[in-house]
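Step one of this worksheet: look at the structure below.
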There are 2 protein chains.
Amino acid sequence: MYKAKINVTLRPSILDPQGKAIHHALESLGYDAVEHVRMGKFVEMWIDAETEAAAQAVAQAACEKLLANPVMEDFSIVLEQVEPEAA
Amino acid sequence: MYKAKINVTLRPSILDPQGKAIHHALESLGYDAVEHVRMGKFVEMWIDAETEAAAQAVAQAACEKLLANPVMEDFSIVLEQVEPEAA
């Protein structure tokens, strides 16, 4: 059993109104040290696979076909082996 | 300049309809190896701070006061030092 931690982010050239809204809210709260904010999605996926390569293939396909819009978004996948009970 | 990568996740006891929807969609696409999916938020924040401790304090406060609902959500923060140009 592998747990995939997937971060989907907007590409740098794409406007990010959610990130801008968070940035403005933080400025209103007095956190001037924050210079820039980008908002994305985080997906945790428990994958029943024998090998890390097999789990990586499933997570990659899930991102390409479902989770990320390849025109506007990038994704990164981090895998860790977990006990089946952890699901 | 530090970049904070913040993952906000629903607590395990909270129902996650978005994760369920992703799981069902992946099953429809034939990815039966996926056993469980949880959906969360990902925020990247560029923080102008002298020390990692100062950047950590800003990111922590941003999570507690704005980004995460402490009743329903957990968050994790990973900091890395970046060049100011990277913002």
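Here, A, B, ... name the chains of the structure tokens in the order displayed, residue numbers run from 1 inside each chain, and ligands are numbered from 1 in the same displayed order.
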
Let's have chain A fitted on chain B; use all the C-alpha atoms paired in order for the least-squares step and return it as a short mmCIF file (atom, residue, chain, number, x, y, z; two decimals) with N, CA and C atoms, in the first residue's frame.
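Listed below is the output, result_17.cif:
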```
data_model
loop_
_atom_site.label_atom_id
_atom_site.label_comp_id
_atom_site.auth_asym_id
_atom_site.auth_seq_id
_atom_site.Cartn_x
_atom_site.Cartn_y
_atom_site.Cartn_z
N MET A 1 14.31 35.34 2.13
CA MET A 1 13.01 34.96 1.57
C MET A 1 12.79 33.46 1.74
N TYR A 2 11.66 33.12 2.29
CA TYR A 2 11.33 31.71 2.46
C TYR A 2 10.04 31.40 1.70
N LYS A 3 9.97 30.18 1.20
CA LYS A 3 8.74 29.72 0.58
C LYS A 3 8.12 28.67 1.49
N ALA A 4 6.89 28.93 1.90
CA ALA A 4 6.18 27.98 2.75
C ALA A 4 5.22 27.18 1.88
N LYS A 5 5.31 25.86 1.99
CA LYS A 5 4.34 24.99 1.31
C LYS A 5 3.41 24.46 2.37
N ILE A 6 2.16 24.84 2.27
CA ILE A 6 1.19 24.55 3.32
C ILE A 6 0.13 23.60 2.77
N ASN A 7 -0.04 22.48 3.42
CA ASN A 7 -1.11 21.55 3.06
C ASN A 7 -2.16 21.59 4.16
N VAL A 8 -3.39 21.87 3.76
CA VAL A 8 -4.51 21.88 4.71
C VAL A 8 -5.39 20.69 4.37
N THR A 9 -5.58 19.82 5.36
CA THR A 9 -6.36 18.60 5.13
C THR A 9 -7.53 18.53 6.10
N LEU A 10 -8.60 17.92 5.65
CA LEU A 10 -9.71 17.65 6.55
C LEU A 10 -9.27 16.62 7.58
N ARG A 11 -9.72 16.78 8.82
CA ARG A 11 -9.41 15.76 9.82
C ARG A 11 -10.04 14.44 9.42
N PRO A 12 -9.40 13.33 9.84
CA PRO A 12 -9.87 12.01 9.37
C PRO A 12 -11.34 11.73 9.69
N SER A 13 -11.86 12.29 10.75
CA SER A 13 -13.25 11.98 11.12
C SER A 13 -14.28 12.78 10.32
N ILE A 14 -13.81 13.75 9.53
CA ILE A 14 -14.73 14.62 8.78
C ILE A 14 -15.01 14.00 7.41
N LEU A 15 -16.27 13.93 7.04
CA LEU A 15 -16.64 13.41 5.72
C LEU A 15 -16.03 14.28 4.62
N ASP A 16 -15.61 13.65 3.53
CA ASP A 16 -14.94 14.38 2.46
C ASP A 16 -15.60 14.05 1.13
N PRO A 17 -16.70 14.74 0.78
CA PRO A 17 -17.40 14.42 -0.46
C PRO A 17 -16.57 14.66 -1.72
N GLN A 18 -15.65 15.64 -1.68
CA GLN A 18 -14.79 15.85 -2.85
C GLN A 18 -13.88 14.65 -3.08
N GLY A 19 -13.29 14.15 -1.99
CA GLY A 19 -12.44 12.97 -2.11
C GLY A 19 -13.23 11.77 -2.61
N LYS A 20 -14.44 11.59 -2.10
CA LYS A 20 -15.30 10.49 -2.55
C LYS A 20 -15.59 10.62 -4.04
N ALA A 21 -15.86 11.83 -4.50
CA ALA A 21 -16.17 12.04 -5.92
C ALA A 21 -14.98 11.68 -6.79
N ILE A 22 -13.76 12.07 -6.34
CA ILE A 22 -12.56 11.72 -7.10
C ILE A 22 -12.38 10.21 -7.14
N HIS A 23 -12.61 9.57 -5.98
CA HIS A 23 -12.47 8.11 -5.90
C HIS A 23 -13.42 7.42 -6.88
N HIS A 24 -14.69 7.84 -6.89
CA HIS A 24 -15.67 7.25 -7.81
C HIS A 24 -15.26 7.47 -9.26
N ALA A 25 -14.79 8.68 -9.57
CA ALA A 25 -14.38 8.98 -10.94
C ALA A 25 -13.22 8.09 -11.36
N LEU A 26 -12.27 7.87 -10.44
CA LEU A 26 -11.13 7.01 -10.77
C LEU A 26 -11.57 5.57 -10.98
N GLU A 27 -12.54 5.12 -10.16
CA GLU A 27 -13.07 3.77 -10.36
C GLU A 27 -13.72 3.65 -11.74
N SER A 28 -14.48 4.69 -12.13
CA SER A 28 -15.12 4.67 -13.46
C SER A 28 -14.08 4.60 -14.57
N LEU A 29 -12.92 5.20 -14.33
CA LEU A 29 -11.86 5.18 -15.33
C LEU A 29 -11.06 3.88 -15.29
N GLY A 30 -11.39 3.00 -14.33
CA GLY A 30 -10.73 1.70 -14.28
C GLY A 30 -9.57 1.60 -13.31
N TYR A 31 -9.35 2.63 -12.50
CA TYR A 31 -8.23 2.58 -11.56
C TYR A 31 -8.69 1.98 -10.24
N ASP A 32 -8.80 0.65 -10.23
CA ASP A 32 -9.32 -0.03 -9.05
C ASP A 32 -8.30 -0.11 -7.92
N ALA A 33 -7.04 0.17 -8.23
CA ALA A 33 -6.00 0.09 -7.20
C ALA A 33 -6.14 1.21 -6.17
N VAL A 34 -6.87 2.26 -6.52
CA VAL A 34 -7.03 3.37 -5.58
C VAL A 34 -8.06 2.99 -4.53
N GLU A 35 -7.66 3.01 -3.26
CA GLU A 35 -8.54 2.53 -2.19
C GLU A 35 -9.25 3.65 -1.47
N HIS A 36 -8.65 4.83 -1.48
CA HIS A 36 -9.18 5.89 -0.62
C HIS A 36 -8.58 7.21 -1.11
N VAL A 37 -9.39 8.24 -1.14
CA VAL A 37 -8.90 9.55 -1.58
C VAL A 37 -9.39 10.62 -0.61
N ARG A 38 -8.47 11.52 -0.25
CA ARG A 38 -8.85 12.68 0.57
C ARG A 38 -8.40 13.93 -0.17
N MET A 39 -9.25 14.94 -0.15
CA MET A 39 -8.97 16.18 -0.87
C MET A 39 -8.66 17.28 0.14
N GLY A 40 -7.70 18.10 -0.18
CA GLY A 40 -7.38 19.22 0.69
C GLY A 40 -6.97 20.43 -0.11
N LYS A 41 -6.37 21.39 0.57
CA LYS A 41 -5.93 22.61 -0.08
C LYS A 41 -4.42 22.71 0.00
N PHE A 42 -3.85 23.37 -0.97
CA PHE A 42 -2.41 23.58 -1.01
C PHE A 42 -2.16 25.07 -1.21
N VAL A 43 -1.37 25.66 -0.34
CA VAL A 43 -1.07 27.08 -0.46
C VAL A 43 0.44 27.26 -0.46
N GLU A 44 0.95 27.98 -1.44
CA GLU A 44 2.36 28.37 -1.46
C GLU A 44 2.44 29.83 -1.06
N MET A 45 3.34 30.13 -0.15
CA MET A 45 3.42 31.49 0.39
C MET A 45 4.89 31.92 0.43
N TRP A 46 5.20 33.02 -0.21
CA TRP A 46 6.56 33.55 -0.18
C TRP A 46 6.62 34.59 0.94
N ILE A 47 7.51 34.36 1.90
CA ILE A 47 7.55 35.17 3.11
C ILE A 47 8.91 35.84 3.21
N ASP A 48 8.91 37.16 3.34
CA ASP A 48 10.15 37.93 3.48
C ASP A 48 10.51 37.95 4.96
N ALA A 49 11.38 37.04 5.39
CA ALA A 49 11.76 36.94 6.80
C ALA A 49 13.26 36.67 6.89
N GLU A 50 13.86 37.13 7.98
CA GLU A 50 15.31 36.96 8.15
C GLU A 50 15.67 35.53 8.52
N THR A 51 14.83 34.92 9.34
CA THR A 51 15.15 33.59 9.83
C THR A 51 14.01 32.62 9.53
N GLU A 52 14.37 31.34 9.53
CA GLU A 52 13.35 30.32 9.28
C GLU A 52 12.30 30.34 10.39
N ALA A 53 12.72 30.63 11.62
CA ALA A 53 11.76 30.67 12.73
C ALA A 53 10.73 31.78 12.53
N ALA A 54 11.19 32.94 12.01
CA ALA A 54 10.26 34.04 11.78
C ALA A 54 9.27 33.68 10.67
N ALA A 55 9.78 33.04 9.61
CA ALA A 55 8.91 32.63 8.51
C ALA A 55 7.90 31.59 8.99
N GLN A 56 8.39 30.66 9.82
CA GLN A 56 7.49 29.63 10.37
C GLN A 56 6.37 30.26 11.19
N ALA A 57 6.72 31.30 11.97
CA ALA A 57 5.71 31.96 12.81
C ALA A 57 4.63 32.62 11.95
N VAL A 58 5.05 33.26 10.85
CA VAL A 58 4.07 33.90 9.97
C VAL A 58 3.16 32.85 9.32
N ALA A 59 3.76 31.77 8.81
CA ALA A 59 2.98 30.74 8.14
C ALA A 59 2.01 30.07 9.12
N GLN A 60 2.51 29.83 10.32
CA GLN A 60 1.66 29.21 11.36
C GLN A 60 0.46 30.10 11.69
N ALA A 61 0.73 31.41 11.86
CA ALA A 61 -0.35 32.34 12.18
C ALA A 61 -1.34 32.43 11.03
N ALA A 62 -0.84 32.44 9.79
CA ALA A 62 -1.73 32.50 8.63
C ALA A 62 -2.66 31.30 8.60
N CYS A 63 -2.11 30.12 8.93
CA CYS A 63 -2.93 28.91 8.95
C CYS A 63 -3.98 28.99 10.05
N GLU A 64 -3.54 29.40 11.22
CA GLU A 64 -4.46 29.38 12.37
C GLU A 64 -5.56 30.43 12.22
N LYS A 65 -5.22 31.58 11.66
CA LYS A 65 -6.20 32.67 11.62
C LYS A 65 -6.99 32.73 10.33
N LEU A 66 -6.47 32.14 9.27
CA LEU A 66 -7.13 32.36 7.98
C LEU A 66 -7.36 31.08 7.18
N LEU A 67 -6.31 30.26 7.03
CA LEU A 67 -6.39 29.21 6.01
C LEU A 67 -7.11 27.95 6.48
N ALA A 68 -6.96 27.61 7.74
CA ALA A 68 -7.52 26.35 8.22
C ALA A 68 -8.60 26.61 9.26
N ASN A 69 -9.63 25.79 9.19
CA ASN A 69 -10.67 25.79 10.21
C ASN A 69 -10.24 24.81 11.31
N PRO A 70 -9.89 25.31 12.49
CA PRO A 70 -9.29 24.41 13.49
C PRO A 70 -10.23 23.31 13.98
N VAL A 71 -11.51 23.48 13.77
CA VAL A 71 -12.46 22.44 14.19
C VAL A 71 -12.41 21.24 13.24
N MET A 72 -12.22 21.52 11.95
CA MET A 72 -12.36 20.49 10.94
C MET A 72 -11.07 20.13 10.21
N GLU A 73 -10.06 20.98 10.32
CA GLU A 73 -8.90 20.80 9.45
C GLU A 73 -7.58 20.78 10.23
N ASP A 74 -6.63 20.05 9.68
CA ASP A 74 -5.24 20.08 10.13
C ASP A 74 -4.41 20.74 9.05
N PHE A 75 -3.22 21.20 9.43
CA PHE A 75 -2.33 21.74 8.40
C PHE A 75 -0.90 21.33 8.69
N SER A 76 -0.11 21.29 7.62
CA SER A 76 1.32 21.06 7.77
C SER A 76 2.06 22.11 6.95
N ILE A 77 3.21 22.53 7.46
CA ILE A 77 3.99 23.59 6.84
C ILE A 77 5.39 23.06 6.55
N VAL A 78 5.85 23.23 5.33
CA VAL A 78 7.24 22.92 4.99
C VAL A 78 7.86 24.19 4.44
N LEU A 79 8.99 24.58 5.02
CA LEU A 79 9.66 25.82 4.60
C LEU A 79 10.91 25.50 3.80
N GLU A 80 11.17 26.30 2.79
CA GLU A 80 12.47 26.22 2.11
C GLU A 80 12.94 27.64 1.80
N GLN A 81 14.27 27.81 1.88
CA GLN A 81 14.81 29.13 1.58
C GLN A 81 14.90 29.30 0.07
N VAL A 82 14.46 30.44 -0.43
CA VAL A 82 14.52 30.68 -1.87
C VAL A 82 15.14 32.05 -2.13
N GLU A 83 15.59 32.23 -3.35
CA GLU A 83 16.09 33.54 -3.76
C GLU A 83 14.91 34.49 -3.94
N PRO A 84 15.07 35.77 -3.59
CA PRO A 84 13.97 36.71 -3.77
C PRO A 84 13.43 36.75 -5.19
N GLU A 85 14.30 36.52 -6.20
CA GLU A 85 13.83 36.54 -7.59
C GLU A 85 12.76 35.48 -7.84
N ALA A 86 12.81 34.38 -7.06
CA ALA A 86 11.91 33.27 -7.32
C ALA A 86 10.46 33.62 -7.03
N ALA A 87 10.23 34.70 -6.31
CA ALA A 87 8.85 35.09 -6.01
C ALA A 87 8.21 35.65 -7.27
#
```

### Task
Could you give me the residues within chain A that DSSP places in helix (DSSP H, G or I), as JSON, numbers by chain?
{"A": [17, 18, 19, 20, 21, 22, 23, 24, 25, 26, 27, 28, 52, 53, 54, 55, 56, 57, 58, 59, 60, 61, 62, 63, 64, 65, 66, 67, 84, 85, 86]}

#### Entry: DSSP strand (DSSP E or B) residues within chain B, as a PyMOL selection string
chain B and resi 2-10+34-47+73-81

Restrict the selected residues to N, CA, C and O atoms and save them as a CSV table (one decimal), in the first residue's frame.
```csv
chain,number,residue,atom,x,y,z
B,2,TYR,N,11.7,33.1,2.3
B,2,TYR,CA,11.3,31.7,2.5
B,2,TYR,C,10.1,31.4,1.7
B,2,TYR,O,9.2,32.3,1.6
B,3,LYS,N,10.0,30.2,1.2
B,3,LYS,CA,8.7,29.7,0.6
B,3,LYS,C,8.1,28.7,1.5
B,3,LYS,O,8.8,27.7,1.9
B,4,ALA,N,6.9,28.9,1.9
B,4,ALA,CA,6.2,28.0,2.8
B,4,ALA,C,5.2,27.2,1.9
B,4,ALA,O,4.4,27.8,1.1
B,5,LYS,N,5.3,25.9,2.0
B,5,LYS,CA,4.4,25.0,1.3
B,5,LYS,C,3.4,24.5,2.4
B,5,LYS,O,3.8,23.8,3.3
B,6,ILE,N,2.2,24.9,2.3
B,6,ILE,CA,1.2,24.6,3.3
B,6,ILE,C,0.1,23.6,2.8
B,6,ILE,O,-0.5,23.9,1.8
B,7,ASN,N,0.0,22.5,3.4
B,7,ASN,CA,-1.1,21.6,3.1
B,7,ASN,C,-2.2,21.6,4.2
B,7,ASN,O,-1.8,21.4,5.3
B,8,VAL,N,-3.4,21.9,3.8
B,8,VAL,CA,-4.5,21.9,4.7
B,8,VAL,C,-5.4,20.7,4.4
B,8,VAL,O,-5.8,20.5,3.3
B,9,THR,N,-5.6,19.8,5.4
B,9,THR,CA,-6.4,18.6,5.1
B,9,THR,C,-7.5,18.5,6.1
B,9,THR,O,-7.4,19.0,7.2
B,10,LEU,N,-8.6,17.9,5.7
B,10,LEU,CA,-9.7,17.7,6.6
B,10,LEU,C,-9.3,16.6,7.6
B,10,LEU,O,-8.5,15.7,7.3
B,34,VAL,N,-6.9,2.3,-6.5
B,34,VAL,CA,-7.0,3.4,-5.6
B,34,VAL,C,-8.1,3.0,-4.5
B,34,VAL,O,-9.2,2.6,-4.9
B,35,GLU,N,-7.7,3.0,-3.3
B,35,GLU,CA,-8.5,2.5,-2.2
B,35,GLU,C,-9.3,3.7,-1.5
B,35,GLU,O,-10.3,3.5,-0.9
B,36,HIS,N,-8.7,4.8,-1.5
B,36,HIS,CA,-9.2,5.9,-0.6
B,36,HIS,C,-8.6,7.2,-1.1
B,36,HIS,O,-7.4,7.2,-1.5
B,37,VAL,N,-9.4,8.2,-1.1
B,37,VAL,CA,-8.9,9.5,-1.6
B,37,VAL,C,-9.4,10.6,-0.6
B,37,VAL,O,-10.5,10.6,-0.2
B,38,ARG,N,-8.5,11.5,-0.2
B,38,ARG,CA,-8.9,12.7,0.6
B,38,ARG,C,-8.4,13.9,-0.2
B,38,ARG,O,-7.3,14.0,-0.7
B,39,MET,N,-9.3,14.9,-0.1
B,39,MET,CA,-9.0,16.2,-0.8
B,39,MET,C,-8.7,17.3,0.2
B,39,MET,O,-9.3,17.3,1.2
B,40,GLY,N,-7.7,18.1,-0.2
B,40,GLY,CA,-7.4,19.2,0.7
B,40,GLY,C,-7.0,20.4,-0.1
B,40,GLY,O,-7.2,20.5,-1.3
B,41,LYS,N,-6.4,21.4,0.6
B,41,LYS,CA,-5.9,22.6,-0.1
B,41,LYS,C,-4.4,22.7,0.0
B,41,LYS,O,-3.8,22.2,0.9
B,42,PHE,N,-3.9,23.4,-1.0
B,42,PHE,CA,-2.4,23.6,-1.0
B,42,PHE,C,-2.2,25.1,-1.2
B,42,PHE,O,-2.7,25.7,-2.1
B,43,VAL,N,-1.4,25.7,-0.3
B,43,VAL,CA,-1.1,27.1,-0.5
B,43,VAL,C,0.4,27.3,-0.4
B,43,VAL,O,1.1,26.7,0.4
B,44,GLU,N,1.0,28.0,-1.4
B,44,GLU,CA,2.4,28.4,-1.4
B,44,GLU,C,2.4,29.8,-1.0
B,44,GLU,O,1.7,30.7,-1.6
B,45,MET,N,3.3,30.1,-0.1
B,45,MET,CA,3.4,31.5,0.4
B,45,MET,C,4.9,31.9,0.4
B,45,MET,O,5.7,31.2,1.0
B,46,TRP,N,5.2,33.0,-0.2
B,46,TRP,CA,6.6,33.6,-0.2
B,46,TRP,C,6.6,34.6,0.9
B,46,TRP,O,5.9,35.6,0.9
B,47,ILE,N,7.5,34.4,1.9
B,47,ILE,CA,7.6,35.2,3.1
B,47,ILE,C,8.9,35.8,3.2
B,47,ILE,O,10.0,35.2,3.2
B,73,GLU,N,-10.1,21.0,10.3
B,73,GLU,CA,-8.9,20.8,9.4
B,73,GLU,C,-7.6,20.8,10.2
B,73,GLU,O,-7.4,21.4,11.3
B,74,ASP,N,-6.6,20.0,9.7
B,74,ASP,CA,-5.2,20.1,10.1
B,74,ASP,C,-4.4,20.7,9.0
B,74,ASP,O,-4.8,20.8,7.9
B,75,PHE,N,-3.2,21.2,9.4
B,75,PHE,CA,-2.3,21.8,8.4
B,75,PHE,C,-0.9,21.4,8.7
B,75,PHE,O,-0.5,21.0,9.8
B,76,SER,N,-0.1,21.3,7.6
B,76,SER,CA,1.3,21.1,7.8
B,76,SER,C,2.1,22.1,7.0
B,76,SER,O,1.6,22.6,5.9
B,77,ILE,N,3.2,22.5,7.5
B,77,ILE,CA,4.0,23.6,6.8
B,77,ILE,C,5.4,23.1,6.6
B,77,ILE,O,6.0,22.5,7.4
B,78,VAL,N,5.8,23.2,5.3
B,78,VAL,CA,7.2,22.9,5.0
B,78,VAL,C,7.9,24.2,4.4
B,78,VAL,O,7.3,24.8,3.5
B,79,LEU,N,9.0,24.6,5.0
B,79,LEU,CA,9.7,25.8,4.6
B,79,LEU,C,10.9,25.5,3.8
B,79,LEU,O,11.6,24.5,4.1
B,80,GLU,N,11.2,26.3,2.8
B,80,GLU,CA,12.5,26.2,2.1
B,80,GLU,C,12.9,27.6,1.8
B,80,GLU,O,12.1,28.5,1.5
B,81,GLN,N,14.3,27.8,1.9
B,81,GLN,CA,14.8,29.1,1.6
B,81,GLN,C,14.9,29.3,0.1
B,81,GLN,O,15.3,28.4,-0.6
```
